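Taking it in order: structure first as structure tokens, then the write-up.
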Amino acid sequence: MAIFRNFGDCLYLNMEKDVLDNIELRSESVQDILTQPPHWMIRWGNTIIFLILVLILMMSYVIRYPEFIPAPIVVTSQNPPEKLEARTNAKIEKIFIKEHQQVKKDQVLMVMQSTANYEDVLKLKKIIDSMAPDQLLSFPVNEVSHFKLGELQGDYNGFAKAFQDETLFTRLQPYAPENLAANQSLSEYRLRIATTKQQKKLEQAKYEITRKNYQRSQDLYNQGVIASMELENEKIKFLQAQQNLENINISLSQMEEAISNLNKTKSGTAINTEKDKITYSSQTLQLFEQLRKSLKQWEQNYLIISNTNGIASFQQFFGENQFIKAGDVILSILPEDKDKLVGRMSVPAANSGKIISGEKVLIKLDNYRYQEYGIIEGKVQNISLSPDKEGNYYVDVLLPKGLKTSYNKTLPFDKELKGNAEIVTEDLRLIERFFYQMRKLLGYQS
């Protein structure tokens, strides 16, 4: 037992010594802390963190975080370039222009192959365009009859036949002999009427004399001076004079009736002449307009014609006798009036309701890298009220500064320029965007 007590005392003494040593060491550490000042990071840490937070809040207020609606864009002139397409499957017969050549309105640029000789068709077109409807009788049929008109030959033959029929009618005047005969008969009847009227005056005088003689004979017979036979002879003379006068009146009436019938015949002849003249003329004019219409259709199918003044540009390499399908774009005509430029965007339906007039549009052209040349700024002019069949809306964009970029460079415009554009719908600050997201999150939770 004594041994165990001694061992316990020794163990206790050792533990007490270790505790005293520890107390002395810790006291030195505390002394070091108290005697050495803390590091500047510890002294200014809270202030730095506070300043950083203030700086972040200030930058979030200054920095803007707008919302964009991206879409492809085509920059073109107010009058967009004209696209000339092939109207029929055919080979190229003749090309009249070169690349980037200045062309004029209604200029023939290219001819497609057809069964007609295009030179003859162009001559016919020149003749028809220079001729008014009231000048058809001067149409050069003899010259055009040698033309090879191909698809137009049938319509031209119909017009040529009608033209020749009208010319023959005008030259031969088939109703003229009948009209001339009627005029001669009228002259003769008028002469006979004049002669008969002179004869009537004589017969009228004879009638008056015989009538007076007959009345005297009656008086003498009543007085018993003359016999009844003498009275009867005077009566016979009186009746003959009366009959002669009536015959002359009948003859005058017949001649006047004949003159009336001749006038009717003459009037009918004039009416038929005018009627046939109008018929031939209208038929010629109708077939002439049909020929003009067919010629116009031939032009649309086989001629490539510029509809505006500008610069022609081929869509690809073309040569004579090269086959082209209907609907293929052959040429583009860039109009001369290209001062006012506009952009045309096709915007998807998503977020399109945020687009309003006057919003900023940032344009990056494919032809000119925006990293090198800069960005073009535009403004939304209007947006279509309804989408197209693909669900996209058309947006017109104004370019107030033209093609002047953010790098102060003015880009040349010699063709349509394609690229991508971004419509700035909400130009919010970064802190507004943060609170906007917080509101939206709290709204979902509620």
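Each chain of the structure tokens is named A, B, ... in the order shown, its residues numbered from 1; ligands are numbered from 1 in display order.
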What lies within 12 Å of Glu246 (chain A) using only C-alpha atoms, ignoring chain neighbours under 6 positions off, as a ChimeraX atom specification? /A:199-200,203-204,207,239-240,252-253
Can you tell me, as a ChimeraX atom specification, what residues are no more than 9 Å from region 300-302 of chain A when counting only C-alpha atoms, ignoring any on the same chain fewer than 2 positions away? /A:86-88,90,110-114,118,295-298,304-305
Using DSSP secondary structure from the backbone, list all strand (DSSP E or B) positions within region 181-356 of chain A, as JSON, numbers by chain. {"A": [303, 304, 305, 310, 311, 312, 313, 314, 323, 324, 329, 330, 331, 332, 333, 334, 335, 341, 342, 343, 344, 345, 346, 347]}
Surrounding residues of Tyr214 (chain A) excluding itself and chain neighbours under 3 positions, 10 Å, only C-alpha atoms, as an NGL selection string: :A and (208-211 or 217-220 or 230-239)
One decimal, in Å: what's the spacing between CA of Thr425 (chain A) and CA of Lys354 (chain A)? 6.1 Å
How many Å separate CA of Ile324 (chain A) from CA of Ile97 (chain A)? 17.5 Å
Which residues, written as a PDB file with C-alpha atoms, in the first residue's frame, have at least one atom at most 12 Å from Ala181 (chain A), with only C-alpha atoms counted and residues fewer than 6 positions away on the same chain left out?
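What follows is the written file out.pdb:
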ATOM      1  CA  TYR A 175     -70.903  50.190-152.257  1.00  0.00           C
ATOM      2  CA  SER A 187     -80.642  63.274-161.354  1.00  0.00           C
ATOM      3  CA  GLU A 188     -82.701  61.741-164.150  1.00  0.00           C
ATOM      4  CA  LEU A 262     -83.694  56.035-154.276  1.00  0.00           C
ATOM      5  CA  ASN A 263     -82.976  58.219-151.254  1.00  0.00           C
ATOM      6  CA  THR A 265     -81.476  53.061-151.051  1.00  0.00           C
ATOM      7  CA  LYS A 266     -78.768  55.672-150.925  1.00  0.00           C
ATOM      8  CA  THR A 269     -75.937  52.095-148.860  1.00  0.00           C
TER       9      THR A 269
END
Using only C-alpha atoms, the best pick from A:Val121, A:Ala421, A:Leu334, A:Ile56 as closest to Lys104 (chain A) would be A:Leu334
Run DSSP on the backbone and give me the residues of region 205-356 of chain A it puts in alpha helix (DSSP H), as an NGL selection string. :A and (205-223 or 228-302)
Do a neighbour search on region 79-85 of chain A at 12 Å with only C-alpha atoms, toss out local chain neighbours closer than 4 positions, and write the hits as a PyMOL selection string. chain A and resi 74-75+89+105+108-110+112+300-315+324-344+413-417
Any chance you could export the current selection's N, CA and C atoms as a short mmCIF file (atom, residue, chain, number, x, y, z; two decimals), in the first residue's frame?
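For reference, again_11.cif as written:
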data_model
loop_
_atom_site.label_atom_id
_atom_site.label_comp_id
_atom_site.auth_asym_id
_atom_site.auth_seq_id
_atom_site.Cartn_x
_atom_site.Cartn_y
_atom_site.Cartn_z
N VAL A 74 -31.15 42.93 -93.71
CA VAL A 74 -30.64 43.25 -95.05
C VAL A 74 -30.70 44.77 -95.19
N VAL A 75 -29.55 45.39 -95.44
CA VAL A 75 -29.48 46.84 -95.64
C VAL A 75 -29.55 47.09 -97.14
N ASN A 89 -38.02 28.06 -119.18
CA ASN A 89 -36.83 27.23 -119.34
C ASN A 89 -36.28 27.42 -120.76
N LYS A 105 -33.75 52.46 -118.00
CA LYS A 105 -35.08 51.85 -117.93
C LYS A 105 -35.52 51.39 -119.32
N VAL A 108 -33.06 46.48 -123.13
CA VAL A 108 -32.98 45.02 -123.28
C VAL A 108 -31.58 44.58 -122.87
N LEU A 109 -31.51 43.70 -121.86
CA LEU A 109 -30.24 43.26 -121.33
C LEU A 109 -29.82 41.89 -121.84
N MET A 110 -30.82 41.04 -122.11
CA MET A 110 -30.51 39.67 -122.47
C MET A 110 -31.69 39.09 -123.25
N MET A 112 -33.45 35.34 -124.49
CA MET A 112 -33.49 33.89 -124.38
C MET A 112 -33.89 33.29 -125.74
N GLN A 300 -41.95 39.23 -121.95
CA GLN A 300 -41.81 38.77 -120.57
C GLN A 300 -41.14 37.41 -120.50
N ASN A 301 -41.38 36.55 -121.49
CA ASN A 301 -40.83 35.21 -121.46
C ASN A 301 -39.39 35.13 -121.96
N TYR A 302 -39.06 35.93 -122.96
CA TYR A 302 -37.78 35.74 -123.64
C TYR A 302 -36.84 36.94 -123.59
N LEU A 303 -37.30 38.09 -123.09
CA LEU A 303 -36.44 39.25 -122.97
C LEU A 303 -36.23 39.59 -121.51
N ILE A 304 -34.99 39.89 -121.15
CA ILE A 304 -34.67 40.39 -119.82
C ILE A 304 -34.49 41.89 -119.95
N ILE A 305 -35.45 42.65 -119.39
CA ILE A 305 -35.50 44.10 -119.57
C ILE A 305 -35.41 44.77 -118.22
N SER A 306 -34.61 45.83 -118.16
CA SER A 306 -34.48 46.61 -116.93
C SER A 306 -35.69 47.51 -116.76
N ASN A 307 -36.22 47.55 -115.55
CA ASN A 307 -37.37 48.40 -115.24
C ASN A 307 -36.97 49.68 -114.53
N THR A 308 -35.68 49.92 -114.36
CA THR A 308 -35.23 51.12 -113.67
C THR A 308 -33.82 51.47 -114.13
N ASN A 309 -33.41 52.69 -113.87
CA ASN A 309 -32.04 53.10 -114.14
C ASN A 309 -31.14 52.64 -113.00
N GLY A 310 -29.98 52.11 -113.34
CA GLY A 310 -29.08 51.65 -112.29
C GLY A 310 -27.89 50.90 -112.85
N ILE A 311 -27.30 50.10 -111.99
CA ILE A 311 -26.11 49.31 -112.34
C ILE A 311 -26.48 47.84 -112.32
N ALA A 312 -26.16 47.13 -113.40
CA ALA A 312 -26.50 45.72 -113.53
C ALA A 312 -25.40 44.86 -112.93
N SER A 313 -25.83 43.81 -112.26
CA SER A 313 -24.89 42.86 -111.66
C SER A 313 -25.43 41.45 -111.85
N PHE A 314 -24.61 40.56 -112.46
CA PHE A 314 -25.01 39.18 -112.66
C PHE A 314 -24.96 38.42 -111.33
N GLN A 315 -25.92 37.52 -111.16
CA GLN A 315 -25.96 36.71 -109.94
C GLN A 315 -24.94 35.57 -109.99
N ILE A 324 -30.98 27.95 -118.65
CA ILE A 324 -31.44 28.55 -117.39
C ILE A 324 -32.86 28.06 -117.12
N LYS A 325 -33.12 27.71 -115.87
CA LYS A 325 -34.45 27.27 -115.48
C LYS A 325 -35.34 28.46 -115.13
N ALA A 326 -36.61 28.24 -115.29
CA ALA A 326 -37.57 29.29 -114.93
C ALA A 326 -37.51 29.54 -113.42
N GLY A 327 -37.48 30.82 -113.05
CA GLY A 327 -37.40 31.19 -111.65
C GLY A 327 -36.01 31.50 -111.15
N ASP A 328 -34.98 31.16 -111.94
CA ASP A 328 -33.60 31.47 -111.54
C ASP A 328 -33.37 32.98 -111.66
N VAL A 329 -32.74 33.55 -110.63
CA VAL A 329 -32.41 34.98 -110.66
C VAL A 329 -31.18 35.18 -111.54
N ILE A 330 -31.31 36.02 -112.55
CA ILE A 330 -30.24 36.23 -113.52
C ILE A 330 -29.45 37.49 -113.19
N LEU A 331 -30.17 38.59 -112.98
CA LEU A 331 -29.53 39.90 -112.80
C LEU A 331 -30.15 40.64 -111.63
N SER A 332 -29.35 41.53 -111.08
CA SER A 332 -29.85 42.49 -110.09
C SER A 332 -29.51 43.88 -110.59
N ILE A 333 -30.49 44.79 -110.49
CA ILE A 333 -30.29 46.17 -110.91
C ILE A 333 -30.31 47.03 -109.66
N LEU A 334 -29.16 47.61 -109.32
CA LEU A 334 -29.07 48.51 -108.17
C LEU A 334 -29.48 49.90 -108.61
N PRO A 335 -30.57 50.46 -108.07
CA PRO A 335 -31.06 51.76 -108.54
C PRO A 335 -30.03 52.86 -108.31
N GLU A 336 -30.13 53.89 -109.15
CA GLU A 336 -29.23 55.04 -109.01
C GLU A 336 -29.53 55.81 -107.72
N ASP A 337 -30.80 55.89 -107.35
CA ASP A 337 -31.19 56.64 -106.16
C ASP A 337 -30.99 55.76 -104.94
N LYS A 338 -29.79 55.85 -104.34
CA LYS A 338 -29.46 55.01 -103.18
C LYS A 338 -28.99 55.87 -102.01
N ASP A 339 -29.43 57.12 -101.99
CA ASP A 339 -29.02 58.00 -100.89
C ASP A 339 -29.68 57.59 -99.58
N LYS A 340 -30.94 57.25 -99.62
CA LYS A 340 -31.67 56.89 -98.41
C LYS A 340 -31.65 55.39 -98.24
N LEU A 341 -30.94 54.92 -97.19
CA LEU A 341 -30.80 53.50 -96.95
C LEU A 341 -31.71 53.07 -95.81
N VAL A 342 -32.20 51.85 -95.88
CA VAL A 342 -33.07 51.29 -94.85
C VAL A 342 -32.62 49.85 -94.59
N GLY A 343 -33.05 49.35 -93.44
CA GLY A 343 -32.79 47.96 -93.10
C GLY A 343 -34.10 47.21 -92.96
N ARG A 344 -34.09 45.96 -93.35
CA ARG A 344 -35.30 45.13 -93.26
C ARG A 344 -34.94 43.86 -92.50
N PHE A 413 -21.73 51.69 -100.29
CA PHE A 413 -22.91 50.87 -100.59
C PHE A 413 -22.99 50.68 -102.09
N ASP A 414 -22.67 49.48 -102.55
CA ASP A 414 -22.77 49.18 -103.97
C ASP A 414 -23.56 47.91 -104.23
N LYS A 415 -24.16 47.36 -103.19
CA LYS A 415 -24.97 46.16 -103.31
C LYS A 415 -25.75 45.98 -102.00
N GLU A 416 -26.62 45.02 -101.99
CA GLU A 416 -27.33 44.72 -100.74
C GLU A 416 -26.33 44.19 -99.71
N LEU A 417 -26.48 44.66 -98.49
CA LEU A 417 -25.60 44.25 -97.41
C LEU A 417 -26.39 43.43 -96.40
#
What separates CA of Asn408 (chain A) and CA of Asn420 (chain A) is a distance of 19.7 Å
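Non-sequential neighbours of Ile128 (chain A) (distance at most 10 Å, separation of 2 or more positions within a chain, only C-alpha atoms) are Leu122, Lys123, Leu124, Lys125, Lys126, Ser130, Met131, Ala132, Pro133, Leu136, Phe139, Phe288, Glu289, Leu291, Arg292 and Leu295 of chain A.
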Output N, CA and C atoms of each residue in that selection to a file, as an mmCIF file, in the first residue's frame.
data_model
loop_
_atom_site.group_PDB
_atom_site.id
_atom_site.type_symbol
_atom_site.label_atom_id
_atom_site.label_comp_id
_atom_site.auth_asym_id
_atom_site.auth_seq_id
_atom_site.Cartn_x
_atom_site.Cartn_y
_atom_site.Cartn_z
ATOM 1 N N LEU A 122 -37.877 42.415 -132.236
ATOM 2 C CA LEU A 122 -37.579 43.756 -131.724
ATOM 3 C C LEU A 122 -37.953 44.830 -132.739
ATOM 4 N N LYS A 123 -37.756 44.544 -134.037
ATOM 5 C CA LYS A 123 -38.192 45.493 -135.066
ATOM 6 C C LYS A 123 -39.706 45.652 -135.040
ATOM 7 N N LEU A 124 -40.416 44.516 -134.928
ATOM 8 C CA LEU A 124 -41.873 44.575 -134.853
ATOM 9 C C LEU A 124 -42.323 45.349 -133.623
ATOM 10 N N LYS A 125 -41.636 45.138 -132.499
ATOM 11 C CA LYS A 125 -41.966 45.868 -131.277
ATOM 12 C C LYS A 125 -41.782 47.371 -131.477
ATOM 13 N N LYS A 126 -40.712 47.757 -132.146
ATOM 14 C CA LYS A 126 -40.465 49.172 -132.399
ATOM 15 C C LYS A 126 -41.562 49.771 -133.275
ATOM 16 N N SER A 130 -44.477 52.558 -131.910
ATOM 17 C CA SER A 130 -44.489 53.890 -132.518
ATOM 18 C C SER A 130 -45.778 54.187 -133.263
ATOM 19 N N MET A 131 -46.737 53.262 -133.229
ATOM 20 C CA MET A 131 -47.944 53.419 -134.042
ATOM 21 C C MET A 131 -49.170 53.576 -133.155
ATOM 22 N N ALA A 132 -49.942 54.654 -133.404
ATOM 23 C CA ALA A 132 -51.185 54.889 -132.683
ATOM 24 C C ALA A 132 -52.313 54.095 -133.348
ATOM 25 N N PRO A 133 -53.412 53.816 -132.616
ATOM 26 C CA PRO A 133 -54.520 53.035 -133.208
ATOM 27 C C PRO A 133 -55.128 53.664 -134.452
ATOM 28 N N LEU A 136 -53.254 52.759 -138.156
ATOM 29 C CA LEU A 136 -53.032 51.365 -138.542
ATOM 30 C C LEU A 136 -52.984 51.180 -140.058
ATOM 31 N N PHE A 139 -49.600 50.743 -141.549
ATOM 32 C CA PHE A 139 -48.751 49.654 -141.049
ATOM 33 C C PHE A 139 -47.984 49.021 -142.212
ATOM 34 N N PHE A 288 -54.915 43.795 -133.755
ATOM 35 C CA PHE A 288 -53.678 44.542 -133.489
ATOM 36 C C PHE A 288 -53.370 44.541 -131.987
ATOM 37 N N GLU A 289 -54.390 44.765 -131.163
ATOM 38 C CA GLU A 289 -54.189 44.732 -129.716
ATOM 39 C C GLU A 289 -53.840 43.332 -129.239
ATOM 40 N N LEU A 291 -52.162 41.190 -131.033
ATOM 41 C CA LEU A 291 -50.756 41.044 -131.403
ATOM 42 C C LEU A 291 -49.862 41.776 -130.416
ATOM 43 N N ARG A 292 -50.278 42.974 -129.987
ATOM 44 C CA ARG A 292 -49.505 43.717 -129.005
ATOM 45 C C ARG A 292 -49.426 42.946 -127.681
ATOM 46 N N LEU A 295 -47.119 40.032 -128.099
ATOM 47 C CA LEU A 295 -45.746 40.538 -128.136
ATOM 48 C C LEU A 295 -45.261 40.854 -126.715
#
Neighbouring residues of region 270-272 of chain A were defined as those with any atom within 10 Å, considering only C-alpha atoms; residues of the same chain fewer than 6 positions away were excluded. Please report them as a PyMOL selection string. chain A and resi 175-176+179+264+278
